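Enquirer: Pasting input.cif here (mmCIF, C-alpha atoms and all ligand atoms):
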data_my_file
#
loop_
_atom_site.label_atom_id
_atom_site.label_comp_id
_atom_site.auth_asym_id
_atom_site.auth_seq_id
_atom_site.Cartn_x
_atom_site.Cartn_y
_atom_site.Cartn_z
CA MET A 1 -6.87 -20.80 -23.72
CA VAL A 2 -3.88 -19.04 -22.09
CA HIS A 3 -3.48 -15.24 -22.21
CA LYS A 4 -0.08 -13.80 -21.25
CA PHE A 5 0.28 -10.33 -19.78
CA ASP A 6 2.81 -8.33 -17.75
CA VAL A 7 0.15 -7.35 -15.22
CA VAL A 8 -3.26 -8.78 -14.38
CA ILE A 9 -5.57 -6.57 -12.32
CA LEU A 10 -8.67 -7.99 -10.64
CA GLY A 11 -11.51 -5.42 -10.48
CA ALA A 12 -12.29 -2.52 -12.84
CA GLY A 13 -13.26 -0.02 -10.16
CA ALA A 14 -11.59 3.27 -9.27
CA ALA A 15 -8.32 1.82 -7.96
CA GLY A 16 -7.96 -0.98 -10.53
CA LEU A 17 -8.50 1.35 -13.51
CA MET A 18 -6.08 3.98 -12.18
CA CYS A 19 -3.44 1.31 -11.64
CA ALA A 20 -4.05 -0.04 -15.16
CA ILE A 21 -3.64 3.43 -16.69
CA GLU A 22 -0.34 4.10 -14.91
CA ALA A 23 1.10 0.65 -15.70
CA GLY A 24 -0.14 0.82 -19.32
CA LYS A 25 1.49 4.24 -19.78
CA ARG A 26 4.77 2.62 -18.77
CA GLY A 27 4.45 0.14 -21.63
CA ARG A 28 3.26 -2.82 -19.58
CA ARG A 29 0.77 -5.21 -21.21
CA VAL A 30 -2.15 -4.96 -18.78
CA ALA A 31 -5.36 -6.98 -18.48
CA VAL A 32 -8.17 -5.94 -16.11
CA LEU A 33 -10.61 -8.72 -15.22
CA GLU A 34 -14.03 -7.50 -14.10
CA ARG A 35 -16.91 -9.64 -12.92
CA ALA A 36 -19.65 -7.13 -13.81
CA ASN A 37 -20.94 -6.29 -17.29
CA ARG A 38 -19.45 -2.78 -17.14
CA VAL A 39 -16.63 -0.95 -15.40
CA GLY A 40 -16.91 1.44 -12.45
CA LYS A 41 -20.43 0.62 -11.29
CA LYS A 42 -19.77 2.12 -7.87
CA ILE A 43 -18.38 5.28 -9.42
CA LEU A 44 -21.65 5.66 -11.34
CA ILE A 45 -23.80 5.70 -8.20
CA SER A 46 -21.32 7.69 -6.11
CA GLY A 47 -21.99 11.18 -4.82
CA GLY A 48 -25.69 10.87 -5.62
CA GLY A 49 -24.79 10.16 -9.28
CA ARG A 50 -22.38 13.12 -9.54
CA CYS A 51 -19.27 11.43 -8.06
CA ASN A 52 -17.47 13.39 -5.37
CA PHE A 53 -14.18 12.47 -7.05
CA THR A 54 -11.74 14.17 -4.66
CA ASN A 55 -11.37 16.71 -1.89
CA LEU A 56 -9.23 19.84 -2.06
CA HIS A 57 -8.30 19.53 1.62
CA CYS A 58 -7.09 15.94 1.54
CA ARG A 59 -4.81 15.22 4.52
CA PRO A 60 -3.79 11.99 6.27
CA GLU A 61 -6.09 12.90 9.20
CA HIS A 62 -9.04 12.22 6.91
CA PHE A 63 -8.25 8.51 6.83
CA TYR A 64 -8.90 5.76 9.36
CA SER A 65 -6.46 2.86 9.63
CA ALA A 66 -4.74 0.78 12.29
CA ASN A 67 -1.58 2.53 11.05
CA PRO A 68 -2.42 6.21 10.47
CA HIS A 69 0.97 6.79 8.79
CA PHE A 70 0.62 4.15 6.08
CA ALA A 71 -1.42 6.19 3.59
CA LYS A 72 0.87 9.26 3.74
CA SER A 73 3.37 8.18 1.11
CA ALA A 74 0.86 7.28 -1.63
CA LEU A 75 -1.31 10.32 -0.86
CA ALA A 76 1.71 12.64 -1.11
CA ARG A 77 2.70 11.23 -4.49
CA TYR A 78 -0.77 11.42 -6.05
CA GLU A 79 -2.55 14.55 -4.88
CA PRO A 80 -6.05 15.91 -5.56
CA SER A 81 -4.43 18.30 -8.07
CA ASP A 82 -3.21 15.29 -10.10
CA PHE A 83 -6.73 13.96 -10.51
CA ILE A 84 -8.13 17.45 -11.13
CA ALA A 85 -5.57 17.83 -13.95
CA LEU A 86 -6.97 14.64 -15.49
CA VAL A 87 -10.56 15.91 -15.11
CA GLU A 88 -9.60 19.20 -16.78
CA LYS A 89 -7.70 17.42 -19.58
CA HIS A 90 -10.99 15.69 -20.42
CA HIS A 91 -12.94 18.98 -20.20
CA ILE A 92 -15.23 17.62 -17.50
CA PRO A 93 -17.17 20.44 -15.82
CA TYR A 94 -17.05 20.26 -12.01
CA HIS A 95 -17.71 22.35 -8.92
CA GLU A 96 -16.88 22.53 -5.24
CA LYS A 97 -20.01 21.71 -3.27
CA THR A 98 -18.86 22.29 0.28
CA LEU A 99 -15.79 21.69 2.46
CA GLY A 100 -13.50 21.14 -0.55
CA GLN A 101 -15.66 18.36 -2.02
CA LEU A 102 -15.44 18.32 -5.84
CA PHE A 103 -18.38 16.92 -7.84
CA CYS A 104 -19.10 16.56 -11.56
CA ASP A 105 -21.56 19.18 -12.84
CA ARG A 106 -23.20 16.64 -15.15
CA SER A 107 -22.84 13.05 -14.06
CA ALA A 108 -20.48 10.42 -12.66
CA GLN A 109 -20.53 8.87 -16.12
CA ASP A 110 -17.97 11.56 -17.06
CA ILE A 111 -15.45 10.05 -14.63
CA VAL A 112 -16.05 6.52 -15.91
CA GLU A 113 -15.56 7.71 -19.50
CA LEU A 114 -12.36 9.50 -18.49
CA LEU A 115 -10.98 6.27 -17.03
CA GLU A 116 -12.08 4.20 -20.04
CA THR A 117 -10.51 6.67 -22.48
CA GLU A 118 -7.24 6.74 -20.53
CA CYS A 119 -7.22 2.93 -20.42
CA ARG A 120 -7.72 2.75 -24.19
CA SER A 121 -4.88 5.14 -24.92
CA ALA A 122 -2.60 3.22 -22.53
CA GLY A 123 -3.42 -0.01 -24.39
CA VAL A 124 -5.13 -1.64 -21.39
CA GLN A 125 -7.39 -4.62 -22.12
CA ILE A 126 -10.53 -4.78 -20.01
CA ILE A 127 -12.31 -8.13 -19.94
CA LEU A 128 -15.86 -7.86 -18.58
CA LYS A 129 -18.06 -10.62 -17.20
CA SER A 130 -15.04 -12.64 -16.15
CA GLY A 131 -15.95 -14.78 -13.19
CA ILE A 132 -12.76 -15.73 -11.39
CA GLN A 133 -12.64 -19.39 -10.45
CA GLU A 134 -9.17 -19.79 -9.04
CA VAL A 135 -5.90 -17.94 -8.54
CA ARG A 136 -2.61 -19.81 -8.05
CA ARG A 137 1.04 -19.00 -8.13
CA THR A 138 3.55 -21.08 -10.03
CA GLU A 139 6.54 -19.21 -11.52
CA GLU A 140 3.95 -16.54 -12.17
CA PHE A 141 0.35 -15.84 -11.20
CA VAL A 142 -2.33 -17.87 -12.93
CA VAL A 143 -5.91 -16.60 -12.87
CA CYS A 144 -8.51 -19.09 -14.10
CA THR A 145 -11.67 -17.43 -15.42
CA ASP A 146 -14.71 -18.31 -17.52
CA SER A 147 -12.85 -16.79 -20.47
CA GLY A 148 -9.61 -18.73 -20.09
CA GLU A 149 -6.39 -18.58 -18.08
CA PHE A 150 -4.50 -15.35 -17.54
CA HIS A 151 -0.78 -15.58 -16.74
CA ALA A 152 1.35 -12.70 -15.45
CA PRO A 153 4.31 -12.13 -13.13
CA VAL A 154 2.31 -9.40 -11.38
CA LEU A 155 -1.17 -9.65 -9.86
CA VAL A 156 -2.95 -6.55 -8.53
CA VAL A 157 -6.05 -7.20 -6.44
CA ALA A 158 -8.52 -4.28 -6.58
CA THR A 159 -11.87 -5.93 -5.97
CA GLY A 160 -13.07 -3.34 -3.42
CA GLY A 161 -14.94 -3.68 -0.14
CA LEU A 162 -18.11 -5.48 0.91
CA SER A 163 -20.56 -2.59 0.76
CA ILE A 164 -23.61 -2.64 -1.55
CA PRO A 165 -23.63 -6.37 -2.37
CA LYS A 166 -26.38 -5.85 -4.95
CA LEU A 167 -23.85 -3.92 -7.07
CA GLY A 168 -21.66 -7.01 -7.15
CA ALA A 169 -19.34 -6.61 -4.16
CA THR A 170 -17.59 -9.89 -3.34
CA SER A 171 -15.13 -11.08 -0.72
CA LEU A 172 -12.66 -12.28 -3.37
CA GLY A 173 -9.94 -9.77 -2.41
CA TYR A 174 -10.04 -10.75 1.26
CA ASP A 175 -10.14 -14.47 0.35
CA LEU A 176 -7.05 -14.06 -1.86
CA ALA A 177 -5.21 -12.16 0.87
CA ARG A 178 -5.91 -15.06 3.24
CA GLN A 179 -4.97 -17.64 0.61
CA PHE A 180 -1.53 -16.00 0.29
CA GLY A 181 -1.10 -15.76 4.06
CA LEU A 182 -1.70 -12.03 4.54
CA LYS A 183 -3.33 -10.76 7.74
CA ILE A 184 -6.75 -9.12 7.53
CA ARG A 185 -8.01 -6.50 9.96
CA GLU A 186 -11.60 -7.15 11.01
CA THR A 187 -14.02 -5.60 8.52
CA ARG A 188 -17.22 -3.68 9.29
CA PRO A 189 -19.55 -1.34 7.42
CA ALA A 190 -18.91 2.41 7.75
CA LEU A 191 -20.22 5.70 6.41
CA VAL A 192 -23.52 4.08 7.26
CA PRO A 193 -26.73 5.23 9.02
CA LEU A 194 -27.13 4.21 12.67
CA VAL A 195 -30.19 2.38 14.01
CA LEU A 196 -31.80 3.51 17.29
CA GLY A 197 -33.21 1.25 20.01
CA THR A 198 -36.97 0.86 20.35
CA LYS A 199 -37.37 3.59 22.97
CA ASP A 200 -35.56 6.29 21.01
CA ARG A 201 -37.17 5.13 17.78
CA THR A 202 -40.62 5.64 19.30
CA ARG A 203 -39.56 9.04 20.58
CA TYR A 204 -38.00 10.48 17.45
CA CYS A 205 -38.38 8.44 14.27
CA ASP A 206 -41.81 9.77 13.29
CA LEU A 207 -39.83 12.96 12.61
CA ALA A 208 -38.05 11.18 9.70
CA GLY A 209 -36.79 13.74 7.21
CA VAL A 210 -36.01 16.43 9.80
CA SER A 211 -32.37 17.57 9.78
CA ALA A 212 -30.19 19.89 11.85
CA GLU A 213 -26.57 20.98 12.03
CA VAL A 214 -25.01 19.23 15.03
CA GLU A 215 -21.67 18.23 16.45
CA VAL A 216 -21.47 14.50 17.05
CA SER A 217 -18.66 12.87 19.00
CA THR A 218 -17.19 9.67 20.33
CA ASP A 219 -14.28 9.67 22.77
CA HIS A 220 -11.75 10.12 19.98
CA SER A 221 -13.42 12.04 17.21
CA SER A 222 -15.98 14.67 16.46
CA PHE A 223 -17.74 16.01 13.36
CA ARG A 224 -19.82 19.14 12.89
CA GLU A 225 -22.18 18.62 9.97
CA LYS A 226 -25.84 17.90 9.25
CA MET A 227 -27.74 15.10 10.98
CA LEU A 228 -30.91 13.59 9.55
CA ILE A 229 -33.61 11.64 11.41
CA THR A 230 -34.64 8.50 9.48
CA HIS A 231 -37.42 5.92 9.90
CA ARG A 232 -35.09 3.67 11.89
CA GLY A 233 -32.52 6.02 13.36
CA LEU A 234 -30.05 8.69 12.40
CA SER A 235 -28.19 9.54 9.21
CA GLY A 236 -26.82 12.60 7.39
CA PRO A 237 -23.14 13.49 6.96
CA ALA A 238 -22.39 13.95 10.69
CA ILE A 239 -23.74 10.48 11.54
CA LEU A 240 -22.16 8.77 8.50
CA GLN A 241 -18.77 10.21 9.55
CA ILE A 242 -19.08 9.13 13.19
CA SER A 243 -20.20 5.63 12.14
CA MET A 244 -16.56 4.95 11.25
CA TYR A 245 -15.57 5.45 14.90
CA TRP A 246 -18.67 4.05 16.63
CA ARG A 247 -18.40 0.53 18.04
CA GLU A 248 -21.25 -1.70 19.18
CA HIS A 249 -22.51 -1.20 22.75
CA SER A 250 -21.08 2.29 22.94
CA ALA A 251 -22.71 5.70 22.83
CA ILE A 252 -22.35 8.81 20.72
CA ARG A 253 -22.78 12.34 22.04
CA ILE A 254 -24.74 14.84 20.01
CA ASP A 255 -24.53 18.59 20.57
CA LEU A 256 -27.76 19.88 19.05
CA ALA A 257 -26.71 23.51 19.33
CA PRO A 258 -22.93 23.67 18.94
CA GLY A 259 -21.45 26.93 20.17
CA ARG A 260 -24.88 28.39 21.06
CA ASP A 261 -26.32 29.55 24.37
CA VAL A 262 -29.89 28.42 23.70
CA THR A 263 -31.46 29.31 27.01
CA LEU A 264 -30.02 32.85 27.16
CA SER A 265 -33.17 34.29 25.64
CA ILE A 266 -35.34 32.35 28.14
CA ARG A 267 -33.27 33.61 31.05
CA GLU A 268 -33.62 37.16 29.75
CA ALA A 269 -37.30 36.90 28.82
CA LYS A 270 -39.86 39.02 30.68
CA GLU A 271 -41.68 35.82 31.47
CA ARG A 272 -39.92 32.51 31.65
CA ASN A 273 -42.43 30.03 30.31
CA MET A 274 -43.01 27.33 27.70
CA ALA A 275 -43.68 29.90 24.96
CA ALA A 276 -40.27 31.52 25.58
CA ALA A 277 -38.60 28.10 25.61
CA ARG A 278 -40.32 27.03 22.39
CA SER A 279 -39.26 30.21 20.66
CA ALA A 280 -35.64 29.79 21.88
CA LEU A 281 -35.38 26.19 20.65
CA GLN A 282 -37.14 26.89 17.36
CA GLY A 283 -34.46 29.49 16.65
CA ILE A 284 -31.92 26.65 16.63
CA LEU A 285 -33.69 23.43 15.67
CA PRO A 286 -36.40 22.66 13.09
CA LYS A 287 -39.82 23.41 14.55
CA ARG A 288 -41.05 19.82 14.89
CA PHE A 289 -37.83 18.64 16.48
CA ALA A 290 -37.75 21.62 18.88
CA THR A 291 -41.32 20.92 19.98
CA ARG A 292 -40.62 17.22 20.46
CA TRP A 293 -37.46 17.95 22.41
CA LEU A 294 -39.37 20.21 24.80
CA ASP A 295 -42.17 17.65 25.16
CA LEU A 296 -39.57 15.08 26.23
CA HIS A 297 -37.28 17.37 28.23
CA ALA A 298 -39.62 20.00 29.67
CA PRO A 299 -37.89 21.84 32.54
CA GLN A 300 -39.34 21.10 35.99
CA ASP A 301 -39.57 24.81 36.70
CA TRP A 302 -38.00 28.02 35.32
CA THR A 303 -35.17 28.44 37.82
CA ASN A 304 -31.64 29.07 36.54
CA ARG A 305 -30.78 25.55 37.67
CA ALA A 306 -33.54 23.95 35.60
CA LEU A 307 -32.55 26.02 32.57
CA GLU A 308 -28.92 25.00 33.01
CA LYS A 309 -30.07 21.38 32.91
CA LEU A 310 -32.05 22.02 29.71
CA GLU A 311 -28.99 23.72 28.19
CA GLY A 312 -26.78 20.77 29.17
CA GLN A 313 -29.17 18.22 27.67
CA LEU A 314 -29.21 20.09 24.36
CA HIS A 315 -25.43 20.05 24.19
CA GLU A 316 -25.04 16.45 25.26
CA TRP A 317 -27.70 14.17 23.90
CA ILE A 318 -26.34 10.71 24.64
CA VAL A 319 -27.53 8.16 22.13
CA GLU A 320 -26.73 4.46 22.21
CA PRO A 321 -27.41 3.06 18.72
CA VAL A 322 -28.25 -0.65 18.56
CA GLY A 323 -26.52 -1.17 15.22
CA THR A 324 -25.94 0.14 11.72
CA GLU A 325 -27.89 -0.32 8.50
CA GLY A 326 -25.12 -2.75 7.45
CA TYR A 327 -23.29 -3.32 4.17
CA GLU A 328 -26.55 -2.84 2.19
CA LYS A 329 -26.45 0.88 3.00
CA ALA A 330 -22.76 1.46 3.84
CA GLU A 331 -20.57 3.51 1.53
CA VAL A 332 -17.39 1.77 2.60
CA THR A 333 -15.82 -1.13 4.46
CA VAL A 334 -13.48 -0.37 7.34
CA GLY A 335 -10.60 -2.81 7.94
CA GLY A 336 -9.19 -5.14 5.30
CA VAL A 337 -5.68 -6.15 4.26
CA ASP A 338 -3.39 -5.22 7.16
CA THR A 339 -1.08 -2.38 6.10
CA GLU A 340 1.81 -4.13 7.90
CA GLU A 341 1.70 -6.63 5.06
CA LEU A 342 2.24 -4.05 2.32
CA SER A 343 4.86 -1.59 1.17
CA SER A 344 3.45 1.92 1.66
CA LYS A 345 5.33 3.07 -1.46
CA THR A 346 4.07 0.44 -3.90
CA MET A 347 1.27 -1.53 -2.17
CA GLU A 348 3.19 -4.75 -2.90
CA SER A 349 2.92 -7.60 -0.45
CA ARG A 350 6.02 -8.00 1.72
CA ARG A 351 5.50 -11.77 1.83
CA VAL A 352 4.58 -12.48 -1.78
CA PRO A 353 6.59 -10.53 -4.37
CA GLY A 354 4.52 -9.52 -7.39
CA LEU A 355 1.22 -9.48 -5.44
CA PHE A 356 -0.37 -6.06 -4.84
CA PHE A 357 -3.51 -4.89 -2.99
CA ILE A 358 -5.01 -1.46 -3.62
CA GLY A 359 -8.11 0.66 -2.94
CA GLU A 360 -10.81 -0.07 -0.42
CA LEU A 361 -9.56 -3.62 0.17
CA VAL A 362 -6.67 -2.21 2.16
CA ASP A 363 -7.14 -1.15 5.79
CA VAL A 364 -7.32 2.55 4.88
CA THR A 365 -10.75 4.21 4.88
CA GLY A 366 -11.47 7.83 4.10
CA HIS A 367 -13.98 10.14 5.72
CA LEU A 368 -17.01 11.21 3.74
CA GLY A 369 -16.22 13.89 1.16
CA GLY A 370 -14.23 12.47 -1.77
CA PHE A 371 -11.43 10.96 0.33
CA ASN A 372 -12.22 7.35 -0.57
CA PHE A 373 -11.80 8.02 -4.27
CA GLN A 374 -8.62 9.97 -3.55
CA TRP A 375 -7.27 6.89 -1.77
CA ALA A 376 -8.34 4.67 -4.69
CA TRP A 377 -6.55 6.97 -7.19
CA ALA A 378 -3.45 7.36 -4.98
CA SER A 379 -3.03 3.68 -4.07
CA GLY A 380 -3.75 2.64 -7.68
CA ALA A 381 -1.18 5.12 -8.99
CA ALA A 382 1.40 4.02 -6.38
CA ALA A 383 1.13 0.41 -7.55
CA GLY A 384 0.84 1.19 -11.28
CA ARG A 385 3.90 3.45 -11.29
CA SER A 386 6.03 0.78 -9.64
CA LEU A 387 5.35 -1.86 -12.30
C1 LIG A 401 -23.44 4.66 -2.60
C2 LIG A 401 -21.98 5.01 -2.55
C3 LIG A 401 -21.58 6.31 -2.81
C4 LIG A 401 -20.23 6.66 -2.72
N1 LIG A 401 -19.87 7.93 -3.01
C5 LIG A 401 -18.56 8.29 -2.91
C6 LIG A 401 -18.14 9.59 -3.27
O1 LIG A 401 -18.93 10.41 -3.76
N2 LIG A 401 -16.83 9.92 -3.07
C7 LIG A 401 -15.91 9.01 -2.60
O2 LIG A 401 -14.73 9.36 -2.46
N3 LIG A 401 -16.27 7.73 -2.33
C8 LIG A 401 -17.56 7.36 -2.48
N4 LIG A 401 -17.93 6.07 -2.21
C9 LIG A 401 -16.87 5.10 -1.87
C10 LIG A 401 -16.13 4.68 -3.16
O3 LIG A 401 -17.08 4.34 -4.15
C11 LIG A 401 -15.19 3.50 -2.92
O4 LIG A 401 -14.39 3.74 -1.80
C12 LIG A 401 -14.33 3.25 -4.14
O5 LIG A 401 -15.13 2.94 -5.25
C13 LIG A 401 -13.34 2.12 -3.88
O6 LIG A 401 -12.64 1.86 -5.06
P1 LIG A 401 -12.07 0.40 -5.35
O7 LIG A 401 -11.53 0.44 -6.73
O8 LIG A 401 -11.21 -0.04 -4.24
O9 LIG A 401 -13.36 -0.54 -5.30
P2 LIG A 401 -14.64 -0.55 -6.27
O10 LIG A 401 -14.83 0.79 -6.90
O11 LIG A 401 -15.73 -1.12 -5.45
O12 LIG A 401 -14.23 -1.54 -7.43
C14 LIG A 401 -14.08 -2.92 -7.24
C15 LIG A 401 -14.37 -3.62 -8.56
O13 LIG A 401 -14.05 -5.00 -8.41
C16 LIG A 401 -15.09 -5.75 -9.01
N5 LIG A 401 -15.13 -7.08 -8.37
C17 LIG A 401 -15.56 -7.40 -7.14
N6 LIG A 401 -15.48 -8.71 -6.95
C18 LIG A 401 -14.97 -9.24 -8.07
C19 LIG A 401 -14.65 -10.56 -8.48
N7 LIG A 401 -14.87 -11.61 -7.67
N8 LIG A 401 -14.13 -10.75 -9.71
C20 LIG A 401 -13.91 -9.68 -10.55
N9 LIG A 401 -14.23 -8.42 -10.23
C21 LIG A 401 -14.73 -8.20 -9.00
C22 LIG A 401 -16.34 -4.94 -8.74
O14 LIG A 401 -17.38 -5.30 -9.64
C23 LIG A 401 -15.82 -3.53 -8.96
O15 LIG A 401 -15.93 -3.12 -10.30
C24 LIG A 401 -19.26 5.68 -2.34
C25 LIG A 401 -19.66 4.37 -2.11
C26 LIG A 401 -21.01 4.03 -2.22
C27 LIG A 401 -21.40 2.60 -1.98
#
Spell out the structure here as structure tokens.

Expert:
Amino acid sequence: MVHKFDVVILGAGAAGLMCAIEAGKRGRRVAVLERANRVGKKILISGGGRCNFTNLHCRPEHFYSANPHFAKSALARYEPSDFIALVEKHHIPYHEKTLGQLFCDRSAQDIVELLETECRSAGVQIILKSGIQEVRRTEEFVVCTDSGEFHAPVLVVATGGLSIPKLGATSLGYDLARQFGLKIRETRPALVPLVLGTKDRTRYCDLAGVSAEVEVSTDHSSFREKMLITHRGLSGPAILQISMYWREHSAIRIDLAPGRDVTLSIREAKERNMAAARSALQGILPKRFATRWLDLHAPQDWTNRALEKLEGQLHEWIVEPVGTEGYEKAEVTVGGVDTEELSSKTMESRRVPGLFFIGELVDVTGHLGGFNFQWAWASGAAAGRSL
């Protein structure tokens, strides 16, 4: 059976649904084909079930891409305030958690319902459980699925990244990009915990659950947020953020006491000894971590020189992770469809007119904090408004 539409969108996630809404509002007949048995599965688990749906301080610097300028146009034309207006129109209660991050008060389900309601009023047809067998291009695009053939002059690919395969992530979007001759930037998991080598694991990982505010850096970037010790390595917002910039066989630097002079109180103590050192470190780090740090880095003596060394070590803990926890635990996929292949205004392929790529599939990845959804909304809106 053949179904004719103006626009066929593959993937009913954040970007695909936003694109569908915008195109539907413009009177286009839109079909969204989704492999899963419901829409927006990733939205439902996002932000710990409360969906960090945008960030008030969204700027191009919060995105990682081979071309840092590419995202600017779409982000400027669909701002956090545009999505907030939608959230308020649907009377969804929300709050700012920290650093401009907006979360639902109740549950991420509110955001999925918002998108479904908007799709309904824009006349969008969503077809669930549609396994896609083949996509070809004749005079128009033909998508062969379990539920028949879908024909349209416009095909929007919004099948997301590779993270969390058990939620149904597939490589279809990347495969289609290759099929139509578009370049792909190497993909890797990001916003992901880092795994420590055996030596560091033995030294620190029995402290799993301990967290501290740190500043973690690579040569080109730095984040000051919480770090968490896990059973296999390091996690927490600071580590998830730096994972986007960390490359295999390189190190990260961790300042365990950013902006603090930890040993001042030892230098000024009546007696410079282990008790004074313990008390100084416990003022900055959780007790168990402070004790462990001193066990492993006990000063040779209590001279100014030895204390300077202790101070230096606290501000520059060099860690060489052996890997990441991979796509199973990653929030996003870095890399993807090369932005050189796409119009930054519309997300349309420069090589193949009528073919669009949006959302996480594109080589634009946001930092932690609501930026990835903002990119999904903005790139989806950019494509949908151009149709
Ligand atoms: C645990 C977790 C928490 C997160 N929390 C946040 C957060 O709070 N804030 C934030 O900004 N970002 C968060 N993210 C990232 C965010 O979820 C994604 O960046 C965003 O969902 C990307 O939107 P998308 O539409 O491009 O892809 P997706 O939302 O992944 O949607 C892709 C859709 O395509 C469908 N699909 C895939 N393959 C096929 C196929 N072969 N045929 C048909 N359909 C297919 C999928 O089932 C899915 O519905 C989180 C990610 C994870 C994993």

Enquirer: Report as a list in words all protein, DNA and RNA residues lying within 7 Å of Leu234 (chain A), evaluated on only C-alpha atoms, omitting residues in the same chain fewer than 5 positions from it.

Expert: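 Selected residues are Pro193, Leu194, Val195, Met227, Leu228, Ile229 and Ile239 of chain A.
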
Enquirer: Restrict the calculation to all atoms listed in the file, then for each residue of region 13-98 of chain A with any atom at most 6 Å from an atom of region 359-383 of chain A give the closest atom pair and their distance in Å to one decimal, rows by chain and rising residue number, as a tab-separated table.

Expert:
residue	atom	partner	partner_atom	distance
A:Ala14	CA	A:Ala376	CA	5.8
A:Ala15	CA	A:Ala376	CA	4.3
A:Met18	CA	A:Gly380	CA	5.2
A:Cys19	CA	A:Gly380	CA	4.2
A:Asn52	CA	A:Gly370	CA	4.9
A:Phe53	CA	A:Gly370	CA	5.3
A:Thr54	CA	A:Gly370	CA	4.2
A:Asn55	CA	A:Gly370	CA	5.1
A:His62	CA	A:His367	CA	5.5
A:Phe63	CA	A:Gly366	CA	4.3
A:Tyr64	CA	A:Thr365	CA	5.1
A:Ser65	CA	A:Val364	CA	4.8
A:Ala74	CA	A:Ala378	CA	5.5
A:Leu75	CA	A:Ala378	CA	5.5
A:Tyr78	CA	A:Ala378	CA	5.0

Enquirer: Taking all atoms listed in the file into account, which of A:Glu248, A:Glu116, A:Glu268, A:Glu34 comes nearest ligand LIG 401 (chain A)?

Expert: A:Glu34

Enquirer: Please provide as a ChimeraX atom specification all residues within 10 Å of Gly181 (chain A), with the sequence filter that same-chain residues fewer than 6 positions apart are discarded (counting only C-alpha atoms).

Expert: /A:175,341,351-352

Enquirer: Okay, now the selection with C-alpha atoms, as a compact mmCIF listing (two decimals), keeping the file's coordinate frame?

Expert:
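Output contents, as saved in selection07.txt:
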# COMPACT_ATOMS: atom_id res chain seq x y z
CA ASP A 175 -10.14 -14.47 0.35
CA GLU A 341 1.70 -6.63 5.06
CA ARG A 351 5.50 -11.77 1.83
CA VAL A 352 4.58 -12.48 -1.78

Enquirer: To one decimal in Å, tell me the separation between CA of Tyr327 (chain A) and atom C5 of ligand LIG 401 (chain A).

Expert: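 Interatomic distance, CA of Tyr327 (chain A) to atom C5 of ligand LIG 401 (chain A): 14.4 Å.
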
Enquirer: For the atom pair CA of Leu115 (chain A) and CA of Thr333 (chain A), what is the interatomic distance in Å to one decimal place?

Expert: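 Value for the CA of Leu115 (chain A)-CA of Thr333 (chain A) distance: 23.2 Å.
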
Enquirer: Please compute the CA of Ile284 (chain A)-CA of Arg224 (chain A) distance, one decimal, in Å.

Expert: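 The value is 14.7 Å.
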
Enquirer: Select, from A:Gly283, A:Pro189, A:Gly173, A:Gly259, the residue with the minimum atom-to-atom distance to Thr159 (chain A), counting only C-alpha atoms.

Expert: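 Among the listed residues, A:Gly173 lies closest to Thr159 (chain A).
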
Enquirer: I need the residue nearest Ala257 (chain A) from this list: A:Asp219, A:Glu213, A:Asp110, A:Asp200. Use only C-alpha atoms for the distance.

Expert: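 Between A:Asp219, A:Glu213, A:Asp110, A:Asp200, the residue approaching Ala257 (chain A) most closely is A:Glu213.
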
Enquirer: From the list A:Ile358, A:Cys119, A:Val142, A:Met244, which residue is nearest ligand LIG 401 (chain A) when using only C-alpha atoms and all ligand atoms?

Expert: A:Ile358

Enquirer: Skipping near chain neighbours, those fewer than 5 positions away, what residues fall within 6 Å of Thr145 (chain A) using all atoms listed in the file, listed as a ChimeraX atom specification?

Expert: /A:130-133

Enquirer: I need the residue nearest Ile111 (chain A) from this list: A:Ile92, A:Cys58, A:Val7, A:Ala275. Use all atoms listed in the file for the distance.

Expert: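 The shortest atom-to-atom distance to Ile111 (chain A) comes from A:Ile92.
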
Enquirer: Keeping N, CA and C atoms (and nothing else), can you write region 84-90 of chain A of this structure as an mmCIF file, in the first residue's frame?

Expert:
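Saved result, decode_34.cif, follows:
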data_model
loop_
_atom_site.group_PDB
_atom_site.id
_atom_site.type_symbol
_atom_site.label_atom_id
_atom_site.label_comp_id
_atom_site.auth_asym_id
_atom_site.auth_seq_id
_atom_site.Cartn_x
_atom_site.Cartn_y
_atom_site.Cartn_z
ATOM 1 N N ILE A 84 10.095 27.717 26.059
ATOM 2 C CA ILE A 84 9.456 28.029 27.346
ATOM 3 C C ILE A 84 8.013 28.508 27.095
ATOM 4 N N ALA A 85 7.829 29.294 26.028
ATOM 5 C CA ALA A 85 6.475 29.780 25.701
ATOM 6 C C ALA A 85 5.540 28.592 25.452
ATOM 7 N N LEU A 86 6.077 27.563 24.788
ATOM 8 C CA LEU A 86 5.284 26.367 24.506
ATOM 9 C C LEU A 86 4.944 25.633 25.815
ATOM 10 N N VAL A 87 5.936 25.538 26.690
ATOM 11 C CA VAL A 87 5.752 24.866 27.991
ATOM 12 C C VAL A 87 4.683 25.623 28.798
ATOM 13 N N GLU A 88 4.734 26.941 28.749
ATOM 14 C CA GLU A 88 3.763 27.738 29.521
ATOM 15 C C GLU A 88 2.373 27.668 28.894
ATOM 16 N N LYS A 89 2.327 27.631 27.558
ATOM 17 C CA LYS A 89 1.027 27.487 26.869
ATOM 18 C C LYS A 89 0.317 26.205 27.335
ATOM 19 N N HIS A 90 1.099 25.172 27.629
ATOM 20 C CA HIS A 90 0.509 23.895 28.062
ATOM 21 C C HIS A 90 0.428 23.779 29.589
#
